[in-house]
Every structure is written in C-alpha cells, then in structure tokens.
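Take a look at the structure below.
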Amino acid sequence: QVQLVESGGGLVQAGGSLRLSCAASGLTFSWYAMGWFRQAPGKEREFVAAISRSGSRVAYADSVKGRFTISRDNDKNTVYLQMNSLKPEDTAVYYCAAVDRTTTTVVVTTETTYRYWGQGTQVTVSS
C-alpha cells in the first residue's frame with residue numbers, strides 16, 4: 001500500500017521559512033517523479049514544484065520561483081520543499097504527489113498526471 005505522509009507545516013510570520021517533508025512508503029521511491037501542490041481556501045489546487053526521479057531536474061510555479069526549493073533523498077524515500085520568504089498568499093494546504101516514470105529526468109507539473117497523493121499539511125503565513 002502506497003503512502004505519502006507530509007509533515008513540517010505550521011504557522012509562521014511573513015518573511016519566515018518552513019521546510020516540508022514527504023515520506024513515501026510502499027513504492028520504489030527512485031522510480032517516481034514527485035511534486036508539491038497547494039490548495040488555498042476557496043481556490044483550486046495548484047502546482048508548486050516538481051522534481052525528476054534522479055533529482056537532476058526541477059520545475060517551479062512562477063509564484064514561488066526564487067523562494068522555494070524542492071529536493072529529494074532517494075535513500076530516505078523523502079522529498080522536501082524548503083520555503084523561504086513566505087508570504088500570506090502562500091497560506092494553503094500543501095500536498096505531495098508521486099507518479100512513476102520510466103525516464104529519470106522528466107518533471108511532471110500536471111496535477112491530473114499524478115497517481116498517488118498525501119493527505120496534506122497546513123501552512124499558515126501571518127502578516
């Protein structure tokens with residue numbers, strides 16, 4: 001049974017930082033491209049960041065470029081999202097997602113392509 005478990009969310013002041021983690025189990029982690037998405041109240045879920053199987057390629061939404069960094073540790077079956085210079089508009093539930101890919105350098109930015117999802121972790125940024 002595949003499980004993705006996010007952690008690291010919380011309440012932070014604007015300008016602060018948080019690091020989210022997503023621990024995967026029940027799958028061969030290195031076979032999976034990973035992504036982070038978020039959903040703010042009253043809004044649709046949106047793409048935040050993605051990383052290829054090997055970690056050699058990444059992609060970011062324009063709204064987080066230069067502030068967020070996605071990374072992965074295939075030995076620990078974990079993907080991370082380092083979030084710096086947080087803004088109130090970053091407030092949302094953050095989800096990690098996984099999809100198996102045969103190519104190690106593909107990044108997946110489309111929500112509907114992902115196969116597995118975590119339960120989400122709340123990030124609240126106060127002004």
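To be explicit about the labels: the chains of the structure tokens are called A, B, and onward in the order shown, and within each one the residues are counted from 1, while ligands get numbers from 1 in the order they are shown.
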
Give me, as JSON lines, each residue of segment 72-93 of chain A that comes within 12 Å of segment 62-66 of chain A, together with its shortest interatomic pair and the distance in Å at one decimal, counting only C-alpha atoms, with rows ordered by chain and rising residue number.
{"residue": "A:Leu81", "atom": "CA", "partner": "A:Val64", "partner_atom": "CA", "distance": 11.0}
{"residue": "A:Gln82", "atom": "CA", "partner": "A:Val64", "partner_atom": "CA", "distance": 10.7}
{"residue": "A:Met83", "atom": "CA", "partner": "A:Val64", "partner_atom": "CA", "distance": 8.5}
{"residue": "A:Asn84", "atom": "CA", "partner": "A:Gly66", "partner_atom": "CA", "distance": 8.7}
{"residue": "A:Ser85", "atom": "CA", "partner": "A:Gly66", "partner_atom": "CA", "distance": 9.3}
{"residue": "A:Leu86", "atom": "CA", "partner": "A:Val64", "partner_atom": "CA", "distance": 9.2}
{"residue": "A:Lys87", "atom": "CA", "partner": "A:Val64", "partner_atom": "CA", "distance": 9.9}
{"residue": "A:Glu89", "atom": "CA", "partner": "A:Ser63", "partner_atom": "CA", "distance": 9.6}
{"residue": "A:Asp90", "atom": "CA", "partner": "A:Val64", "partner_atom": "CA", "distance": 8.7}

Keeping all heavy atoms for every residue in the selection just given, could you write it to a file as a short mmCIF file (atom, residue, chain, number, x, y, z; two decimals), in the first residue's frame?
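And here is the file that came out, result_33.cif:
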data_model
loop_
_atom_site.label_atom_id
_atom_site.label_comp_id
_atom_site.auth_asym_id
_atom_site.auth_seq_id
_atom_site.Cartn_x
_atom_site.Cartn_y
_atom_site.Cartn_z
N LEU A 81 10.38 20.34 0.56
CA LEU A 81 10.09 21.64 -0.01
C LEU A 81 10.55 22.69 0.99
O LEU A 81 9.92 22.87 2.05
CB LEU A 81 8.60 21.81 -0.32
CG LEU A 81 8.25 23.10 -1.05
CD1 LEU A 81 8.83 23.08 -2.48
CD2 LEU A 81 6.74 23.30 -1.11
N GLN A 82 11.66 23.33 0.69
CA GLN A 82 12.16 24.42 1.52
C GLN A 82 11.49 25.70 1.07
O GLN A 82 11.58 26.08 -0.10
CB GLN A 82 13.68 24.55 1.38
CG GLN A 82 14.28 25.70 2.17
CD GLN A 82 14.16 25.51 3.67
OE1 GLN A 82 14.41 24.42 4.18
NE2 GLN A 82 13.79 26.56 4.38
N MET A 83 10.82 26.36 2.00
CA MET A 83 10.05 27.56 1.67
C MET A 83 10.62 28.73 2.45
O MET A 83 10.58 28.74 3.69
CB MET A 83 8.57 27.34 2.01
CG MET A 83 7.96 26.13 1.36
SD MET A 83 6.19 25.99 1.63
CE MET A 83 6.15 25.75 3.40
N ASN A 84 11.17 29.69 1.74
CA ASN A 84 11.73 30.90 2.34
C ASN A 84 10.93 32.12 1.93
O ASN A 84 10.16 32.08 0.98
CB ASN A 84 13.19 31.06 1.91
CG ASN A 84 14.06 29.90 2.35
OD1 ASN A 84 13.83 29.27 3.39
ND2 ASN A 84 15.08 29.60 1.56
N SER A 85 11.15 33.21 2.65
CA SER A 85 10.48 34.48 2.34
C SER A 85 8.98 34.27 2.16
O SER A 85 8.38 34.75 1.18
CB SER A 85 11.09 35.10 1.08
OG SER A 85 12.48 35.31 1.24
N LEU A 86 8.39 33.59 3.09
CA LEU A 86 6.97 33.24 2.97
C LEU A 86 6.09 34.48 3.01
O LEU A 86 6.39 35.46 3.71
CB LEU A 86 6.58 32.26 4.06
CG LEU A 86 7.02 30.82 3.79
CD1 LEU A 86 7.02 29.99 5.07
CD2 LEU A 86 6.12 30.18 2.74
N LYS A 87 5.00 34.41 2.26
CA LYS A 87 4.04 35.49 2.16
C LYS A 87 2.67 35.00 2.61
O LYS A 87 2.39 33.80 2.53
CB LYS A 87 3.94 35.97 0.70
CG LYS A 87 5.26 36.38 0.08
CD LYS A 87 5.08 36.70 -1.39
CE LYS A 87 6.38 37.08 -2.05
NZ LYS A 87 6.21 37.40 -3.49
N GLU A 89 0.02 35.01 1.07
CA GLU A 89 -0.63 34.32 -0.04
C GLU A 89 -0.11 32.90 -0.24
O GLU A 89 -0.64 32.15 -1.08
CB GLU A 89 -0.50 35.12 -1.34
CG GLU A 89 0.90 35.56 -1.67
CD GLU A 89 1.18 36.99 -1.23
OE1 GLU A 89 0.79 37.38 -0.10
OE2 GLU A 89 1.82 37.73 -2.02
N ASP A 90 0.90 32.51 0.49
CA ASP A 90 1.38 31.12 0.46
C ASP A 90 0.55 30.23 1.39
O ASP A 90 0.74 29.01 1.41
CB ASP A 90 2.85 31.03 0.88
CG ASP A 90 3.77 31.72 -0.11
OD1 ASP A 90 3.56 31.57 -1.32
OD2 ASP A 90 4.72 32.39 0.34
#

I need the residues of chain A that end up classed as strand (DSSP E) by DSSP on the backbone, written out as a PyMOL selection string.
chain A and resi 3-7+10-13+18-25+32-39+46-51+58-60+68-73+78-83+92-100+116-117+121-126

Write out as a PDB file with N, CA, C and O atoms, in the first residue's frame which residues come within 8 Å of segment 113-115 of chain A when counting only C-alpha atoms, dropping same-chain ones fewer than 2 positions away.
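Final file, part-v4.pdb:
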ATOM      1  N   ALA A  97       2.818  14.570  -4.146  1.00  0.00           N
ATOM      2  CA  ALA A  97       2.249  13.614  -5.082  1.00  0.00           C
ATOM      3  C   ALA A  97       3.368  12.856  -5.781  1.00  0.00           C
ATOM      4  O   ALA A  97       4.488  13.361  -5.904  1.00  0.00           O
ATOM      5  N   ALA A  98       3.026  11.653  -6.248  1.00  0.00           N
ATOM      6  CA  ALA A  98       4.010  10.786  -6.887  1.00  0.00           C
ATOM      7  C   ALA A  98       3.426  10.155  -8.142  1.00  0.00           C
ATOM      8  O   ALA A  98       2.238   9.803  -8.184  1.00  0.00           O
ATOM      9  N   VAL A  99       4.283  10.002  -9.137  1.00  0.00           N
ATOM     10  CA  VAL A  99       3.891   9.292 -10.354  1.00  0.00           C
ATOM     11  C   VAL A  99       5.122   8.567 -10.889  1.00  0.00           C
ATOM     12  O   VAL A  99       6.224   9.131 -10.924  1.00  0.00           O
ATOM     13  N   ASP A 100       4.917   7.311 -11.297  1.00  0.00           N
ATOM     14  CA  ASP A 100       6.055   6.550 -11.823  1.00  0.00           C
ATOM     15  C   ASP A 100       6.357   6.976 -13.249  1.00  0.00           C
ATOM     16  O   ASP A 100       5.435   7.217 -14.035  1.00  0.00           O
ATOM     17  N   VAL A 108       7.074  16.444 -13.767  1.00  0.00           N
ATOM     18  CA  VAL A 108       5.631  16.414 -14.042  1.00  0.00           C
ATOM     19  C   VAL A 108       4.973  17.569 -13.311  1.00  0.00           C
ATOM     20  O   VAL A 108       5.019  17.636 -12.078  1.00  0.00           O
ATOM     21  N   THR A 110       1.663  18.576 -14.140  1.00  0.00           N
ATOM     22  CA  THR A 110       0.214  18.488 -14.315  1.00  0.00           C
ATOM     23  C   THR A 110      -0.408  17.664 -13.205  1.00  0.00           C
ATOM     24  O   THR A 110      -0.059  16.497 -13.020  1.00  0.00           O
ATOM     25  N   GLU A 111      -1.349  18.255 -12.501  1.00  0.00           N
ATOM     26  CA  GLU A 111      -1.983  17.596 -11.351  1.00  0.00           C
ATOM     27  C   GLU A 111      -2.607  16.263 -11.731  1.00  0.00           C
ATOM     28  O   GLU A 111      -2.456  15.265 -11.006  1.00  0.00           O
ATOM     29  N   TRP A 117      -1.260  10.553  -3.806  1.00  0.00           N
ATOM     30  CA  TRP A 117      -1.300  11.832  -3.107  1.00  0.00           C
ATOM     31  C   TRP A 117      -1.222  11.608  -1.600  1.00  0.00           C
ATOM     32  O   TRP A 117      -1.733  10.619  -1.074  1.00  0.00           O
TER      33      TRP A 117
END

re atom CA of Thr78 of chain A and atom CA of Met34 of chain A: distance 9.6 Å

Report the distance between atom CA of Thr102 of chain A and atom CA of Ser7 of chain A in Å, rounded to one decimal place.
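These atoms are spaced 27.8 Å apart.
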
Among listed residues A:Ser126, A:Asn77, A:Gln39, A:Ser52, nearest Val106 of chain A (using only C-alpha atoms):
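Under the stated criterion, the closest residue is A:Ser52.
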
What's around segment 25-33 of chain A at 12 Å? Count only C-alpha atoms, leave out sequence neighbours fewer than 3 positions away in its own chain, and write the answer as JSON, numbers by chain.
{"A": [1, 2, 3, 4, 5, 6, 22, 36, 49, 50, 51, 52, 53, 54, 55, 56, 57, 58, 59, 70, 71, 72, 73, 74, 75, 76, 77, 78, 79, 96, 97, 98, 99, 100, 101, 102, 103, 104, 105, 106, 107, 108, 109, 110, 113, 114, 115, 116, 117, 118]}

What gap, in Å, lies between atom CA of Val12 of chain A and atom CA of Tyr80 of chain A?
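That distance, rounded to one decimal, is 17.7 Å.
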
Check the smallest atom-to-atom distance from each of A:Thr112, A:Thr91, A:Arg45, A:Arg67 to Gly9 of chain A using only C-alpha atoms, then report the winner.
A:Thr91
